[in-house]
Structures are given as C-alpha cells and as structure tokens.
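So this one's run15.csv, CSV, C-alpha atoms:
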chain,number,residue,atom,x,y,z
J,1,MET,CA,0.0,0.0,0.0
J,2,ARG,CA,2.8,2.3,0.9
J,3,ARG,CA,4.5,1.5,-2.4
J,4,LEU,CA,1.3,2.4,-4.3
J,5,THR,CA,1.0,5.6,-2.4
J,6,SER,CA,4.6,6.5,-3.3
J,7,ILE,CA,4.0,5.8,-7.0
J,8,ALA,CA,0.9,7.9,-6.9
J,9,LEU,CA,2.7,10.8,-5.3
J,10,LEU,CA,5.5,10.6,-7.9
J,11,ALA,CA,3.0,10.6,-10.7
J,12,ALA,CA,1.2,13.6,-9.2
J,13,THR,CA,4.6,15.5,-8.9
J,14,LEU,CA,5.5,14.7,-12.5
J,15,ALA,CA,2.1,15.8,-13.7
J,16,LEU,CA,2.6,19.1,-12.0
J,17,THR,CA,6.1,19.8,-13.1
J,18,VAL,CA,5.9,18.7,-16.8
J,19,PRO,CA,3.6,21.7,-17.8
J,20,ALA,CA,6.1,24.1,-16.1
J,21,VAL,CA,8.9,22.7,-18.2
J,22,ALA,CA,6.7,22.7,-21.3
J,23,GLN,CA,6.2,26.5,-20.8
J,24,VAL,CA,9.9,27.2,-21.5
J,25,ARG,CA,9.6,27.6,-25.2
J,26,ALA,CA,10.8,29.9,-27.9
J,27,PRO,CA,8.3,32.4,-29.4
J,28,ASP,CA,7.7,30.1,-32.3
J,29,GLY,CA,6.7,27.3,-29.9
J,30,ALA,CA,9.9,25.3,-30.3
J,31,PRO,CA,11.5,24.0,-27.1
J,32,ASN,CA,14.2,26.4,-25.8
J,33,PRO,CA,16.6,24.6,-23.5
J,34,THR,CA,18.8,27.7,-22.9
J,35,ALA,CA,15.9,30.0,-22.0
J,36,SER,CA,16.7,29.9,-18.3
J,37,SER,CA,20.5,30.3,-18.7
J,38,VAL,CA,22.3,33.5,-18.0
J,39,ASN,CA,21.9,36.0,-20.8
J,40,GLU,CA,22.9,39.6,-21.6
J,41,GLU,CA,19.6,41.1,-20.2
J,42,MET,CA,20.0,39.2,-16.9
J,43,LEU,CA,23.6,40.4,-16.6
J,44,PHE,CA,22.6,44.0,-17.2
J,45,LYS,CA,20.1,43.7,-14.3
J,46,GLN,CA,23.1,43.1,-12.0
J,47,ASP,CA,25.4,45.8,-13.4
J,48,PRO,CA,25.2,48.5,-16.1
J,49,LYS,CA,28.3,47.0,-17.8
J,50,ILE,CA,29.5,43.5,-18.5
J,51,HIS,CA,33.1,43.0,-17.3
J,52,GLY,CA,35.4,40.4,-16.2
J,53,ARG,CA,38.8,40.0,-14.6
J,54,ILE,CA,42.1,40.5,-16.4
J,55,SER,CA,45.8,40.3,-15.5
J,56,ILE,CA,47.2,43.1,-17.7
J,57,PRO,CA,47.7,46.6,-16.2
J,58,ASN,CA,45.1,48.2,-18.4
J,59,ALA,CA,42.1,47.8,-16.1
J,60,THR,CA,39.7,49.3,-18.6
J,61,ALA,CA,40.2,46.4,-20.9
J,62,ALA,CA,38.2,44.3,-18.5
J,63,ASN,CA,35.1,46.0,-19.7
J,64,LEU,CA,33.4,43.7,-22.3
J,65,ILE,CA,30.1,45.4,-23.1
J,66,GLN,CA,28.9,48.9,-22.2
J,67,PRO,CA,25.4,49.6,-23.6
J,68,GLN,CA,25.7,53.3,-23.3
J,69,GLY,CA,28.4,53.2,-25.9
J,70,ARG,CA,25.7,52.2,-28.4
J,71,GLU,CA,23.6,55.3,-27.6
J,72,TRP,CA,26.7,57.4,-27.8
J,73,ARG,CA,27.7,56.0,-31.1
J,74,GLU,CA,24.2,56.6,-32.4
J,75,PHE,CA,24.5,60.2,-31.3
J,76,ARG,CA,28.0,60.6,-32.7
J,77,GLU,CA,27.4,59.0,-36.1
J,78,SER,CA,23.8,60.0,-36.7
J,79,TRP,CA,22.6,63.0,-34.7
J,80,LEU,CA,25.7,65.1,-34.3
J,81,PRO,CA,26.5,65.6,-38.0
J,82,TRP,CA,22.9,66.8,-38.6
J,83,ILE,CA,22.9,69.1,-35.5
J,84,GLY,CA,26.3,70.5,-36.3
J,85,GLY,CA,25.5,71.1,-39.9
J,86,LEU,CA,22.2,72.7,-39.2
J,87,VAL,CA,23.6,75.0,-36.4
J,88,VAL,CA,26.7,76.2,-38.4
J,89,LEU,CA,25.1,76.4,-41.8
J,90,GLY,CA,22.0,77.9,-40.3
J,91,MET,CA,24.1,80.7,-38.8
J,92,LEU,CA,25.9,81.3,-42.0
J,93,ALA,CA,22.6,81.4,-43.9
J,94,ALA,CA,21.1,83.9,-41.3
J,95,LEU,CA,24.2,86.1,-41.6
J,96,GLY,CA,24.0,86.0,-45.3
J,97,LEU,CA,20.3,86.9,-45.2
J,98,PHE,CA,21.1,89.7,-42.8
J,99,TYR,CA,23.8,91.1,-45.0
J,100,PHE,CA,21.7,91.1,-48.1
J,101,THR,CA,18.7,92.6,-46.4
J,102,ARG,CA,20.2,95.1,-43.9
J,103,GLY,CA,23.6,95.5,-45.7
J,104,ARG,CA,26.8,96.7,-44.2
J,105,ILE,CA,26.3,99.2,-41.4
J,106,ARG,CA,28.3,102.1,-42.8
J,107,LEU,CA,30.1,104.9,-41.0
J,108,GLU,CA,28.1,108.0,-41.0
J,109,HIS,CA,29.8,111.3,-41.8
J,110,SER,CA,29.2,112.4,-38.2
J,111,GLU,CA,31.2,109.3,-37.0
J,112,GLU,CA,34.5,110.5,-38.6
J,113,SER,CA,36.3,113.2,-36.7
J,114,GLY,CA,39.9,112.2,-37.5
J,115,LYS,CA,40.6,112.1,-33.8
J,116,LYS,CA,41.4,108.7,-32.4
J,117,ILE,CA,40.8,107.2,-29.0
J,118,LEU,CA,42.5,104.0,-27.7
J,119,ARG,CA,39.8,101.4,-27.2
J,120,PHE,CA,41.9,98.3,-26.5
J,121,ASN,CA,45.5,98.3,-25.3
J,122,SER,CA,48.2,96.0,-26.5
J,123,PHE,CA,47.7,93.3,-23.9
J,124,GLU,CA,43.9,93.2,-24.5
J,125,ARG,CA,44.5,92.8,-28.3
J,126,PHE,CA,47.1,90.2,-27.6
J,127,SER,CA,44.7,88.2,-25.4
J,128,HIS,CA,41.9,88.5,-28.0
J,129,TRP,CA,44.0,87.4,-30.9
J,130,MET,CA,45.7,84.6,-29.2
J,131,THR,CA,42.3,83.2,-28.2
J,132,ALA,CA,40.8,83.9,-31.6
J,133,THR,CA,43.6,82.3,-33.7
J,134,CYS,CA,43.5,79.2,-31.4
J,135,PHE,CA,39.7,79.1,-31.7
J,136,ILE,CA,39.8,79.1,-35.5
J,137,ILE,CA,42.2,76.1,-35.5
J,138,LEU,CA,40.2,74.4,-32.8
J,139,SER,CA,37.0,74.9,-34.7
J,140,LEU,CA,38.3,73.6,-38.0
J,141,SER,CA,40.0,70.6,-36.4
J,142,GLY,CA,36.9,70.0,-34.2
J,143,LEU,CA,34.6,70.1,-37.3
J,144,ASN,CA,37.0,67.6,-38.9
J,145,TYR,CA,36.2,65.2,-36.1
J,146,ILE,CA,32.5,65.3,-37.2
J,147,PHE,CA,32.6,66.0,-40.9
J,148,GLY,CA,36.1,65.1,-42.1
J,149,LYS,CA,35.5,61.5,-43.0
J,150,ARG,CA,32.2,62.4,-44.6
J,151,LEU,CA,33.2,65.5,-46.6
J,152,LEU,CA,36.9,65.7,-46.8
J,153,MET,CA,38.1,62.1,-47.2
J,154,PRO,CA,36.1,61.5,-50.4
J,155,LEU,CA,37.8,64.6,-51.9
J,156,ILE,CA,41.4,64.1,-50.9
J,157,GLY,CA,41.6,60.4,-50.3
J,158,PRO,CA,42.1,58.3,-47.2
J,159,GLU,CA,45.9,58.7,-47.0
J,160,ALA,CA,45.9,62.5,-47.2
J,161,PHE,CA,42.9,62.7,-44.9
J,162,ALA,CA,44.6,60.4,-42.3
J,163,THR,CA,47.7,62.7,-42.2
J,164,LEU,CA,45.6,65.8,-42.0
J,165,ALA,CA,43.3,64.4,-39.3
J,166,GLN,CA,46.4,63.3,-37.3
J,167,TYR,CA,47.9,66.8,-37.4
J,168,GLY,CA,44.5,68.3,-36.8
J,169,LYS,CA,44.2,66.1,-33.6
J,170,TYR,CA,47.7,67.4,-32.5
J,171,ALA,CA,46.6,71.0,-33.1
J,172,HIS,CA,43.3,70.4,-31.2
J,173,ILE,CA,45.0,69.0,-28.2
J,174,TYR,CA,47.9,71.4,-28.0
J,175,LEU,CA,46.3,74.7,-29.0
J,176,ALA,CA,43.5,74.1,-26.4
J,177,TRP,CA,46.0,75.3,-23.7
J,178,PRO,CA,46.8,78.8,-25.1
J,179,PHE,CA,43.0,79.0,-25.9
J,180,MET,CA,42.1,78.3,-22.3
J,181,LEU,CA,44.8,80.8,-21.1
J,182,GLY,CA,43.4,83.4,-23.4
J,183,VAL,CA,39.9,82.9,-22.1
J,184,LEU,CA,41.1,83.4,-18.6
J,185,PHE,CA,43.0,86.5,-19.6
J,186,MET,CA,39.9,88.0,-21.2
J,187,LEU,CA,37.8,87.1,-18.2
J,188,VAL,CA,40.1,89.0,-15.9
J,189,LEU,CA,40.6,91.9,-18.3
J,190,TRP,CA,36.9,92.6,-19.2
J,191,ILE,CA,34.7,91.2,-16.5
J,192,LYS,CA,34.3,94.6,-14.8
J,193,ASP,CA,33.0,96.1,-18.1
J,194,ASN,CA,30.6,93.2,-18.8
J,195,ILE,CA,28.4,93.2,-15.8
J,196,PRO,CA,24.8,93.4,-17.1
J,197,GLY,CA,22.8,96.5,-16.2
J,198,LYS,CA,19.6,98.3,-17.0
J,199,ILE,CA,21.2,100.1,-19.9
J,200,ASP,CA,21.6,96.7,-21.6
J,201,TRP,CA,17.9,96.0,-21.5
J,202,ILE,CA,17.2,99.4,-23.2
J,203,TRP,CA,19.9,98.6,-25.8
J,204,LEU,CA,18.2,95.3,-26.5
J,205,LYS,CA,14.7,96.7,-26.7
J,206,GLN,CA,16.0,99.2,-29.3
J,207,GLY,CA,17.5,96.3,-31.4
J,208,GLY,CA,21.0,97.5,-30.6
J,209,GLY,CA,21.1,99.8,-33.6
J,210,LEU,CA,21.2,96.8,-35.9
J,211,LEU,CA,17.5,96.8,-36.8
J,212,GLY,CA,17.0,100.5,-37.2
J,213,ASP,CA,19.1,103.7,-37.5
J,214,ALA,CA,19.0,104.5,-33.8
J,215,HIS,CA,22.2,104.3,-31.7
J,216,PRO,CA,21.2,103.3,-28.2
J,217,SER,CA,23.5,104.3,-25.4
J,218,ALA,CA,26.2,101.9,-24.3
J,219,GLY,CA,29.1,101.7,-22.0
J,220,ARG,CA,32.5,100.2,-23.0
J,221,PHE,CA,30.6,97.1,-24.2
J,222,ASN,CA,27.0,97.1,-25.4
J,223,ALA,CA,24.6,94.3,-24.6
J,224,GLY,CA,25.5,92.4,-27.7
J,225,GLN,CA,29.2,92.5,-26.9
J,226,LYS,CA,28.4,91.5,-23.3
J,227,MET,CA,26.5,88.4,-24.6
J,228,VAL,CA,29.5,87.5,-26.7
J,229,PHE,CA,31.8,88.0,-23.7
J,230,TRP,CA,29.7,85.7,-21.4
J,231,MET,CA,29.3,83.2,-24.2
J,232,VAL,CA,33.1,83.0,-24.7
J,233,VAL,CA,33.8,82.8,-21.0
J,234,GLY,CA,31.0,80.2,-20.3
J,235,PHE,CA,31.5,78.1,-23.3
J,236,GLY,CA,35.3,78.5,-23.2
J,237,LEU,CA,35.4,77.2,-19.6
J,238,ALA,CA,33.0,74.4,-20.3
J,239,MET,CA,34.9,73.3,-23.4
J,240,GLY,CA,38.1,73.4,-21.4
J,241,ALA,CA,36.7,71.3,-18.6
J,242,THR,CA,35.1,68.7,-20.8
J,243,GLY,CA,38.2,68.7,-23.1
J,244,ILE,CA,40.6,68.1,-20.2
J,245,MET,CA,38.6,65.1,-19.1
J,246,MET,CA,39.0,63.7,-22.6
J,247,ILE,CA,42.7,64.6,-22.9
J,248,PHE,CA,43.3,62.6,-19.7
J,249,PRO,CA,41.1,59.6,-20.2
J,250,PHE,CA,39.8,57.8,-17.1
J,251,ALA,CA,41.6,60.3,-14.8
J,252,ALA,CA,38.4,61.9,-13.5
J,253,THR,CA,35.6,59.7,-14.9
J,254,ASP,CA,34.8,56.3,-16.5
J,255,ILE,CA,33.9,55.5,-20.0
J,256,ASN,CA,30.3,56.6,-19.5
J,257,GLY,CA,31.4,59.9,-18.1
J,258,MET,CA,33.8,60.5,-21.0
J,259,GLN,CA,31.1,59.8,-23.5
J,260,ILE,CA,28.9,62.3,-21.8
J,261,MET,CA,31.8,64.8,-21.8
J,262,GLN,CA,32.2,64.3,-25.6
J,263,VAL,CA,28.5,64.9,-26.2
J,264,ILE,CA,28.6,68.1,-24.1
J,265,HIS,CA,31.9,69.2,-25.8
J,266,SER,CA,30.6,68.7,-29.3
J,267,LEU,CA,27.2,70.3,-28.7
J,268,ILE,CA,28.6,73.4,-27.1
J,269,GLY,CA,31.3,73.4,-29.8
J,270,VAL,CA,29.0,73.8,-32.7
J,271,VAL,CA,26.9,76.4,-30.9
J,272,PHE,CA,30.1,78.2,-30.0
J,273,ILE,CA,31.3,78.2,-33.6
J,274,ALA,CA,27.9,79.6,-34.7
J,275,GLY,CA,28.1,82.4,-32.1
J,276,ILE,CA,31.6,83.3,-33.0
J,277,LEU,CA,30.7,83.4,-36.7
J,278,ALA,CA,28.2,86.1,-35.8
J,279,HIS,CA,30.9,87.9,-33.8
J,280,ILE,CA,33.3,87.8,-36.7
J,281,TYR,CA,30.7,89.1,-39.0
J,282,ILE,CA,29.7,92.1,-37.0
J,283,GLY,CA,33.3,92.8,-36.1
J,284,SER,CA,34.5,92.9,-39.7
J,285,LEU,CA,32.1,92.8,-42.7
J,286,GLY,CA,28.9,93.7,-40.8
J,287,MET,CA,29.9,97.1,-39.3
J,288,GLU,CA,32.4,99.6,-40.9
J,289,GLY,CA,34.9,100.9,-38.3
J,290,ALA,CA,34.3,98.1,-35.8
J,291,TYR,CA,37.4,96.1,-36.8
J,292,ASP,CA,39.8,99.0,-36.0
J,293,ALA,CA,39.0,98.6,-32.3
J,294,MET,CA,40.8,95.2,-32.3
J,295,GLY,CA,43.0,95.8,-35.3
J,296,SER,CA,45.0,98.9,-34.4
J,297,GLY,CA,43.3,99.3,-31.0
J,298,GLU,CA,42.1,102.8,-31.9
J,299,VAL,CA,38.8,104.0,-33.1
J,300,ASP,CA,37.5,107.3,-34.3
J,301,LEU,CA,36.4,109.5,-31.4
J,302,ALA,CA,33.2,110.4,-33.2
J,303,TRP,CA,32.4,106.7,-33.9
J,304,ALA,CA,33.0,105.9,-30.2
J,305,LYS,CA,30.7,108.7,-29.1
J,306,VAL,CA,27.9,107.3,-31.3
J,307,HIS,CA,28.3,103.6,-30.4
J,308,HIS,CA,29.8,103.8,-26.8
J,309,ASP,CA,28.8,107.2,-25.6
J,310,LEU,CA,28.8,106.4,-21.9
J,311,TRP,CA,32.3,104.9,-22.1
J,312,VAL,CA,33.6,108.0,-23.9
J,313,LYS,CA,32.1,110.2,-21.2
J,314,GLU,CA,33.7,108.0,-18.6
J,315,GLN,CA,37.1,108.3,-20.2
J,316,GLN,CA,36.8,112.0,-20.6
J,317,ALA,CA,35.8,112.3,-16.9
J,318,LYS,CA,38.8,110.2,-15.9
J,319,THR,CA,41.3,112.6,-17.3
J,320,ALA,CA,41.5,115.5,-19.7
J,321,SER,CA,45.0,114.7,-20.6
J,322,GLY,CA,44.1,111.1,-21.6
J,323,PRO,CA,46.9,109.0,-20.1
J,324,GLN,CA,45.2,106.0,-21.6
J,325,LEU,CA,46.1,107.3,-25.1
J,326,GLY,CA,49.4,106.2,-26.5
J,327,ARG,CA,51.6,107.1,-29.4
J,328,GLY,CA,50.6,110.8,-29.5
J,329,GLN,CA,46.8,110.4,-30.0
J,330,VAL,CA,44.5,113.2,-29.4
J,331,PRO,CA,42.8,112.8,-26.1
J,332,ALA,CA,39.0,112.3,-26.0
J,333,GLU,CA,37.5,115.7,-25.7
U,1,MET,CA,49.3,93.9,-36.3
U,2,LYS,CA,52.1,93.6,-33.8
U,3,ALA,CA,49.7,92.3,-31.1
U,4,PHE,CA,48.3,89.8,-33.6
U,5,LEU,CA,51.8,88.5,-34.6
U,6,VAL,CA,52.9,88.2,-31.0
U,7,ALA,CA,49.6,86.4,-30.1
U,8,VAL,CA,50.1,83.9,-32.9
U,9,ALA,CA,53.8,83.3,-31.9
U,10,MET,CA,52.8,82.9,-28.2
U,11,ALA,CA,50.1,80.4,-29.1
U,12,VAL,CA,52.6,78.3,-31.0
U,13,VAL,CA,55.1,78.5,-28.1
U,14,LEU,CA,52.5,77.5,-25.5
U,15,ALA,CA,51.2,74.7,-27.8
U,16,THR,CA,54.7,73.4,-28.2
U,17,ALA,CA,55.3,73.6,-24.4
U,18,ALA,CA,52.0,71.8,-23.9
U,19,SER,CA,53.0,69.0,-26.3
U,20,PHE,CA,56.2,68.3,-24.3
U,21,LEU,CA,54.4,68.4,-21.0
U,22,LEU,CA,51.6,66.1,-22.2
U,23,ALA,CA,54.2,63.7,-23.7
U,24,GLU,CA,55.7,63.4,-20.2
U,25,ASN,CA,52.4,61.8,-19.1
U,26,GLN,CA,52.2,59.3,-21.9
U,27,ARG,CA,53.7,55.9,-22.3
U,28,PHE,CA,53.8,53.6,-25.3
U,29,ALA,CA,51.3,50.8,-25.4
U,30,TYR,CA,54.0,48.2,-25.1
U,31,GLN,CA,55.1,49.9,-21.9
U,32,ALA,CA,51.7,50.7,-20.4
U,33,PHE,CA,49.9,47.5,-21.2
U,34,ALA,CA,52.6,44.8,-20.8
U,35,THR,CA,53.5,42.6,-17.9
U,36,SER,CA,55.8,39.7,-17.6
U,37,GLY,CA,52.7,37.5,-18.3
U,38,ALA,CA,51.3,39.5,-21.2
U,39,ARG,CA,53.2,41.1,-24.1
U,40,VAL,CA,51.6,43.5,-26.4
U,41,SER,CA,53.8,43.5,-29.5
U,42,ASP,CA,57.3,45.0,-29.6
U,43,PRO,CA,58.2,48.7,-30.1
U,44,GLY,CA,57.7,49.7,-33.7
U,45,THR,CA,55.4,46.9,-34.8
U,46,ASN,CA,51.8,45.9,-34.2
U,47,LEU,CA,49.8,42.7,-34.3
U,48,VAL,CA,48.4,43.2,-37.8
U,49,GLY,CA,51.5,44.6,-39.6
U,50,PRO,CA,51.9,48.1,-41.1
U,51,ARG,CA,49.6,47.3,-44.0
U,52,TRP,CA,46.9,45.6,-41.8
U,53,THR,CA,47.5,42.3,-43.6
U,54,GLY,CA,48.6,40.3,-40.6
U,55,ASP,CA,52.0,39.9,-42.3
U,56,ILE,CA,54.5,41.5,-39.9
U,57,LYS,CA,57.8,40.1,-41.3
U,58,ASP,CA,57.3,40.9,-45.0
U,59,PRO,CA,54.7,43.6,-45.2
U,60,GLY,CA,55.2,45.0,-48.7
U,61,GLY,CA,57.9,43.1,-50.4
U,62,ALA,CA,57.9,40.6,-53.3
U,63,GLY,CA,57.2,37.8,-51.0
U,64,HIS,CA,54.1,39.4,-49.6
U,65,LYS,CA,51.2,37.0,-49.0
U,66,PRO,CA,47.8,37.6,-47.5
U,67,ALA,CA,47.2,36.9,-43.9
U,68,GLY,CA,45.5,33.6,-44.6
U,69,HIS,CA,48.7,32.1,-46.1
U,70,LYS,CA,50.7,33.1,-43.1
U,71,ALA,CA,48.1,31.4,-40.8
U,72,GLU,CA,48.3,28.2,-42.9
U,73,ALA,CA,52.1,28.2,-42.8
U,74,GLY,CA,52.1,28.5,-39.1
U,75,SER,CA,49.4,25.9,-38.4

Re-express the file's structure as structure tokens.
Amino acid sequence: MRRLTSIALLAATLALTVPAVAQVRAPDGAPNPTASSVNEEMLFKQDPKIHGRISIPNATAANLIQPQGREWREFRESWLPWIGGLVVLGMLAALGLFYFTRGRIRLEHSEESGKKILRFNSFERFSHWMTATCFIILSLSGLNYIFGKRLLMPLIGPEAFATLAQYGKYAHIYLAWPFMLGVLFMLVLWIKDNIPGKIDWIWLKQGGGLLGDAHPSAGRFNAGQKMVFWMVVGFGLAMGATGIMMIFPFAATDINGMQIMQVIHSLIGVVFIAGILAHIYIGSLGMEGAYDAMGSGEVDLAWAKVHHDLWVKEQQAKTASGPQLGRGQVPAE
Amino acid sequence: MKAFLVAVAMAVVLATAASFLLAENQRFAYQAFATSGARVSDPGTNLVGPRWTGDIKDPGGAGHKPAGHKAEAGS
C-alpha cells in the first residue's frame, strides 16, 4: 500500500512539473533549452556593464560590453552631424540673409572726426588674438572630427585625410591650452565692463542699432558684446573642462562619463562656432569701423561717441590729458 | 598687427610647451599594457602589420602574402 502511495505521489509530482517545463519555449513554440540560462539582459540587471577580470595593467580592458556606448555611437554618427550642420550652416545662412537685407552698417559722416581714442590696449588685443587664432584652428580641427570622414576624405583620399586628421588632432589637443589661457586673460581683463545692467535692456529693446538707425546708449561694451563675452567665457570654460577630461582619459571619470563629456563638448562646440561666426561678421564685414578697435586698437572718437557714448564720457571724466592714449593720439574731448 | 603676430607666436610657443608636458604623461602601449605575463607587441610593430594584412615580417615586399597564407604556414 505504501508502495502504491509513493508511486501515486511521484506521478502527481511529475504531472505538476511537466507543464512548467513545457512553458519554456521559444516564441515560435519550439523548445528552448537555454531559456533559463544567463543572458545579456540578466547580466545588465546586475550591473550596467558586463566586465570580467584581467591580468594586464590596463584595467579598462576588463570591460566587455557597455550599452551606453551604443547610444553614444548613435549620437556621434547620426545625430551630431545633422545638429552640427544645421547650427553652423543655419548661422551662415542667417548672416548672409542679414547682410543682403540690412547691408553693411556704414560709417556716417558724423562718425568720422579724424581724432582717435584708444579702445583696446596691446595686452587686450594680444589676449583677444591669441584666443581667436586658437579658436579658429580648434574649430576647424573640431569640425573635422565630425565631418572630415564624410566630406573631406572623399575629396582628398584616405591617406591624405589620415595625415591631415592626425595633425588636426595634435593641433586640437595642444592649442587648447593657449586658448584656455586666453579665455582666462579676457575674463580678468573685461569682466568689470561686462556686468549686465539696466542700460543693456534698453539697448536690446531698441535692437542694438542693428535693426534701425538708432544708436542706443552703451558703456564700454554694449549688450550684444556682453553676450559674446559671457558666451566666450562660459562656453570656453565648459569646453576646457570637458576637453581636459578627454585629454586625460579615465583620470576623472569612467567611459560613460567621457562619452557624456564628448556629447557636451561637441554640442557646445557647434553652438560656440555659430556664435563666433556672428561675432566675426559684426566685427568685420557687418559694421564699418568696428574692426579698427581690435585691429589697431584705436577708433575714431566720433564713432566711439555714437556707439559707446557712456564709455567715452567715462574716459573724458577720468582725465582730460588722456593718459590711456598712446603714441601721441589726441585725447578724448 | 604687432599684437596679432605676438599672439600667434605665443600660441605656437604655448602649444609646443603643452606638447612636451603632455608627452611626459604618456607611455607607449608596449610599456603601459605589458607585464611579464602579457606582451603587447614590440616597439615599432603591431599585431596586424603596417599594412593591416597580418604579415608583420614581410609587409610590402615581393614575398608578400595575404594573412591567410601566413596562418596556414604557421598551423
């Protein structure tokens, strides 16, 4: 009797377990014997990366699969070229449209007195040009990271492109340092003249003189120039910080962090380039007489009175003899 | 113009100085990634050869053979 009971219990147990085994099947209904084995999805529930143990000193080589890398690659190869192209080409198109509709802002007769006033001293111009020349090389070599293999390599061939990209990479890494130094110089030199104030709001409401013929009052820097200043300082420091984390890989963050740094670096970079294109336009082609400020350092006194009236008054109030003027210029009257 | 030229010269000088300083922090792969138990190539070569053919000894000469031939000879 006991034997019969045992057999009955065994049969009942088998009857209960067989359906459970039968449920482990592939989507098409076929048996799937590895369904309960460890798979990628289960591993990622334990840890965001799949990694093992290695004996070589390169600890990062232990990382086998890092899913965020796929998202980063999707951004890097698909989204970034479109975002970069639209931002940079969009700004060029906007500037072209502005030029052909508004035209170059010409000097008025009343803005030419023949007397000069020193607007930027030698060190200020040195700091500006060191940062600017580095920025241009950094921009071109940075854009090469995004567009080089797509646009340049088909034109010049893989060998020439490889050489160019290699030197571009060197330039990008090494010129980043004088660029960062230049940004710091400009921050110290001009921060006191770039504090936003009520006058800037009035300047903005009047379109800064760009949209009409009015010349709203401004100090040493108008609201537009202040925006450029804070853009350069903010973006410059952000580019420096994210760039340093990539120059020294794994020093401050892991591979996920470096990919995030690259995303930030590239997105700020293309917006930065677009902003500086507008700055270059208004400082050269867009406004007659504006380049002299950073070219020779001197501007016409009448021009300064029209565009930076409050600054001229401030300079005149400082001293009648104009010690800020060099090389025998006529002092601001 | 003088400020511009000095700025460009200073940028080159600082970039050159940066290149030397950064080089101080770098080691070759065969130095950084090798131990007594794992050797990553020798200085001046790599595991696939200069032409990426897998043929390290005779990369571009008359006796050049594809990687498959080399593997067969070694097996």

Write out as a list of chain:residue names each polymer residue whose atoms come within 8 Å of His172 (chain J), counting only C-alpha atoms; drop sequence neighbours fewer than 4 positions from it.
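The filter keeps J:Ile137, J:Leu138, J:Ser141, J:Gly142, J:Gly168, J:Ala176.
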
Go ahead and write the residues just picked, C-alpha atoms, as a PDB file, in the coordinates of the input.
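What landed in again.pdb:
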ATOM      1  CA  ILE J 137      42.200  76.100 -35.500  1.00  0.00           C
ATOM      2  CA  LEU J 138      40.200  74.400 -32.800  1.00  0.00           C
ATOM      3  CA  SER J 141      40.000  70.600 -36.400  1.00  0.00           C
ATOM      4  CA  GLY J 142      36.900  70.000 -34.200  1.00  0.00           C
ATOM      5  CA  GLY J 168      44.500  68.300 -36.800  1.00  0.00           C
ATOM      6  CA  ALA J 176      43.500  74.100 -26.400  1.00  0.00           C
TER       7      ALA J 176
END

Atom pair CA of Ile268 (chain J) / CA of Gln166 (chain J): separation (Å):
22.9 Å

Select residues of chain J: the criterion is any atom within 7 Å of an atom of chain U, counting only C-alpha atoms; output as a PyMOL selection string.
chain J and resi 56-58+122+125-126+129-130+133+174-175+177-178+295-296

Write a file of the selected residues as an mmCIF file, keeping the file's coordinate frame, keeping C-alpha atoms.
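And here's again-v3.cif as it stands now:
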data_model
loop_
_atom_site.group_PDB
_atom_site.id
_atom_site.type_symbol
_atom_site.label_atom_id
_atom_site.label_comp_id
_atom_site.auth_asym_id
_atom_site.auth_seq_id
_atom_site.Cartn_x
_atom_site.Cartn_y
_atom_site.Cartn_z
ATOM 1 C CA ILE J 56 47.200 43.100 -17.700
ATOM 2 C CA PRO J 57 47.700 46.600 -16.200
ATOM 3 C CA ASN J 58 45.100 48.200 -18.400
ATOM 4 C CA SER J 122 48.200 96.000 -26.500
ATOM 5 C CA ARG J 125 44.500 92.800 -28.300
ATOM 6 C CA PHE J 126 47.100 90.200 -27.600
ATOM 7 C CA TRP J 129 44.000 87.400 -30.900
ATOM 8 C CA MET J 130 45.700 84.600 -29.200
ATOM 9 C CA THR J 133 43.600 82.300 -33.700
ATOM 10 C CA TYR J 174 47.900 71.400 -28.000
ATOM 11 C CA LEU J 175 46.300 74.700 -29.000
ATOM 12 C CA TRP J 177 46.000 75.300 -23.700
ATOM 13 C CA PRO J 178 46.800 78.800 -25.100
ATOM 14 C CA GLY J 295 43.000 95.800 -35.300
ATOM 15 C CA SER J 296 45.000 98.900 -34.400
#

For a quick check of understanding, using all atoms listed in the file, which of J:Phe98, J:Glu112, J:Ile276, J:Gly269 has the smallest distance to Thr131 (chain J)?
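Using all atoms listed in the file, Thr131 (chain J) sits closest to J:Ile276.
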
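Taking CA of Phe161 (chain J) as the reference point, CA of Asn144 (chain J) is found at 9.7 Å.
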
Distance criterion (all atoms listed in the file): nearest to Ala302 (chain J) out of J:Val232, J:Gly114, J:Leu43, J:Thr101
J:Gly114

Which of these residues is nearest to Val312 (chain J), using all atoms listed in the file: J:Trp82, J:Phe185, J:Tyr281, J:Phe221?
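Smallest separation from Val312 (chain J) among the options: J:Phe221.
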
Neighbouring residues of Leu164 (chain J) were defined as those with any atom within 12 Å, considering only C-alpha atoms; residues of the same chain fewer than 3 positions away were excluded. Please report them as a PyMOL selection string.
chain J and resi 140-141+144-145+148-149+152-153+156-161+167-172

Out of J:Asp200, J:Glu74, J:Asp28, J:Glu288, which residue has the shortest atom-to-atom distance to Arg220 (chain J) when counting all atoms listed in the file?
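Closest to Arg220 (chain J), using all atoms listed in the file: J:Asp200.
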
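Between CA of Pro249 (chain J) and CA of Trp72 (chain J) the separation is 16.4 Å.
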